[in-house]
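Trainee: Would you mind keeping the following structure in view while I ask a few things?
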Amino acid sequence: MYGDNDMNHDSTPDAVGGVATTTSRTIGVLAIVAMTWVLVSGLFLTPADINQGDAVRIMYVHVPTAWIAYLAFIVTGAASLAWLLKKSPSLAFDRVAGASAEVGVLFMAMTLISGSLWGRLTWGTFWVWDPRLTTTAFLFVTYIGYLAVRGLGGSPQQRAQRSAVIASLAVLEIPLVHFSVVLWRSLHQSASVLRPDGDVKMDGLMLFTLFSGVLAFTFTFLWLVIHRQRMLLMRDVVGEKGLEAAIRERRRDHGGVVA
Amino acid sequence: MSDAGFIVLSYAVTGGSILVLVIVTIRRGRLLSRQVADQDKPWI
């Protein structure tokens with residue numbers, strides 16, 4: 001099944017990209033175009049804020065990365081719940097959950113770093129133990145723990161089961177992070193766009209650039225999750241193949257009997 | 001642009017992190033793809 005002849009993929013177009021397909025390439029191109037626009041508009045075209053000055057330009061990367069990190073963790077939670085609730089679930093749920101969490105952790109790290117830089121400019125400090133910052137850091141550490149649990153030994157099914165339980169609980173932290181600015185007195189500003197009264201006080205180009213950022217990071221998220229869940233599938237196949245080879249060798253060494 | 005250092009750094013960290021993950025993903029994807037048969041790749 002995994003003989004040398006089968007592994008010679010150099011003649012196929014996908015051997016070049018490994019896990020790429022036309023759809024994923026299209027998403028990748030859209031991500032590059034949207035990212036380029038956000039870079040140009042965010043740094044040069046949008047006006048400075050009346051209170052914060054040019055520091056507001058950090059918003060165009062800080063807010064989208066935070067929102068997409070939330071989205072990534074919600075996808076992880078939904079896929080994990082699907083794994084737990086379905087009678088005969090596919091391991092694809094687990095792979096999507098894992099890939100989405102990997103990307104979410106990266107985006108959350110970027111949110112924390114860009115937020116620290118923004119905080120230094122507006123608050124005069126990189127970090128304060130404010131409710132929003134503290135709950136965000138806690139969410140970040142929780143998903144690092146989730147990824148660490150995924151890396152423990154065992155079969156893919158065991159990995160899926162234990163990580164799905166953690167992800168189903170961890171996703172409950174997201175409302176806590178989002179509403180922390182309302183629940184407690186916070187230095188962090190409250191929602192500027194997703195306001196309960198629907199009144200968005202933002203210049204048109206600023207708002208357009210912000211939503212372009214959300215779109216750009218969504219395309220990036222999709223590209224990364226598609227590719228990384230395919231990688232996880234191939235890693236499982238390679239692991240299974242290695243295990244089968246080890247069992248065959250052991251059988252040969254012990255005359256067909258494996259202890 | 002005032003505070004350009006902090007602003008550019010935030011964009012560089014964000015873009016750089018994504019770029020590194022994209023490169024790692026492509027490289028590892030290619031490496032794994034050589035070890036796995038086509039029938040085990042549902043996307044082909």
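To be explicit about the labels: the chains of the structure tokens are called A, B, and onward in the order shown, and within each one the residues are counted from 1, while ligands get numbers from 1 in the order they are shown.
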Return the neighbours of chain A among the residues of chain B, cut-off 7 Å, counting only C-alpha atoms, as a list in words.

Mentor: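 Listing them in order of chain and number gives Met1, Ser2, Asp3, Phe6, Ile7, Ser10, Tyr11, Thr14, Thr25, Gly29, Arg30, Leu32, Ser33, Arg34, Gln35, Val36 and Ala37 of chain B.
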
Trainee: Give me every helix (DSSP H, G or I) residue in stretch 45-179 of chain A, going by DSSP on the backbone, as an MDAnalysis selection string.

Mentor: chainID A and resid 45 54:85 91:122 131:150 156:170 173:178

Trainee: Name the closest residue to B:Gly15 among the candidates A:Thr218, A:Ser41, A:Thr36, A:Thr76; distances are taken between atoms, counting only C-alpha atoms.

Mentor: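 Checking each candidate against B:Gly15, we get A:Thr36 as the closest.
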
Trainee: So how many Å separate atom CA of A:Ala101 and atom CA of A:Pro89, to one decimal?

Mentor: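 Taking atom CA of A:Ala101 as the start and atom CA of A:Pro89 as the end point, the length is 19.1 Å.
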
Trainee: When distances are computed from only C-alpha atoms, which of A:Ile144, A:Ile226, A:Gly151, A:Leu81 shows the smallest separation from B:Trp43?

Mentor: A:Ile226

Trainee: I'd like to know which of A:Leu112, A:Gly204, A:Gly213, A:Ile166 is closest to B:Val13, using only C-alpha atoms.

Mentor: A:Leu112

Trainee: Quick one: residues within 7 Å of A:Ser186, only C-alpha atoms, excluding same-chain residues fewer than 5 positions away - as a list in words?

Mentor: Asp130, Pro131, Arg132 and Val181 of chain A

Trainee: Generate a file of the selected residues that holds C-alpha atoms, formatted as a CSV table (one decimal), in the first residue's frame.

Mentor:
chain,number,residue,atom,x,y,z
A,130,ASP,CA,-6.4,44.3,33.5
A,131,PRO,CA,-9.4,42.0,33.2
A,132,ARG,CA,-9.3,41.9,29.3
A,181,VAL,CA,-14.6,44.9,29.6

Trainee: What's the separation between atom CA of A:Ala164 and atom CA of A:Ala66, in Å to one decimal place?

Mentor: 22.5 Å
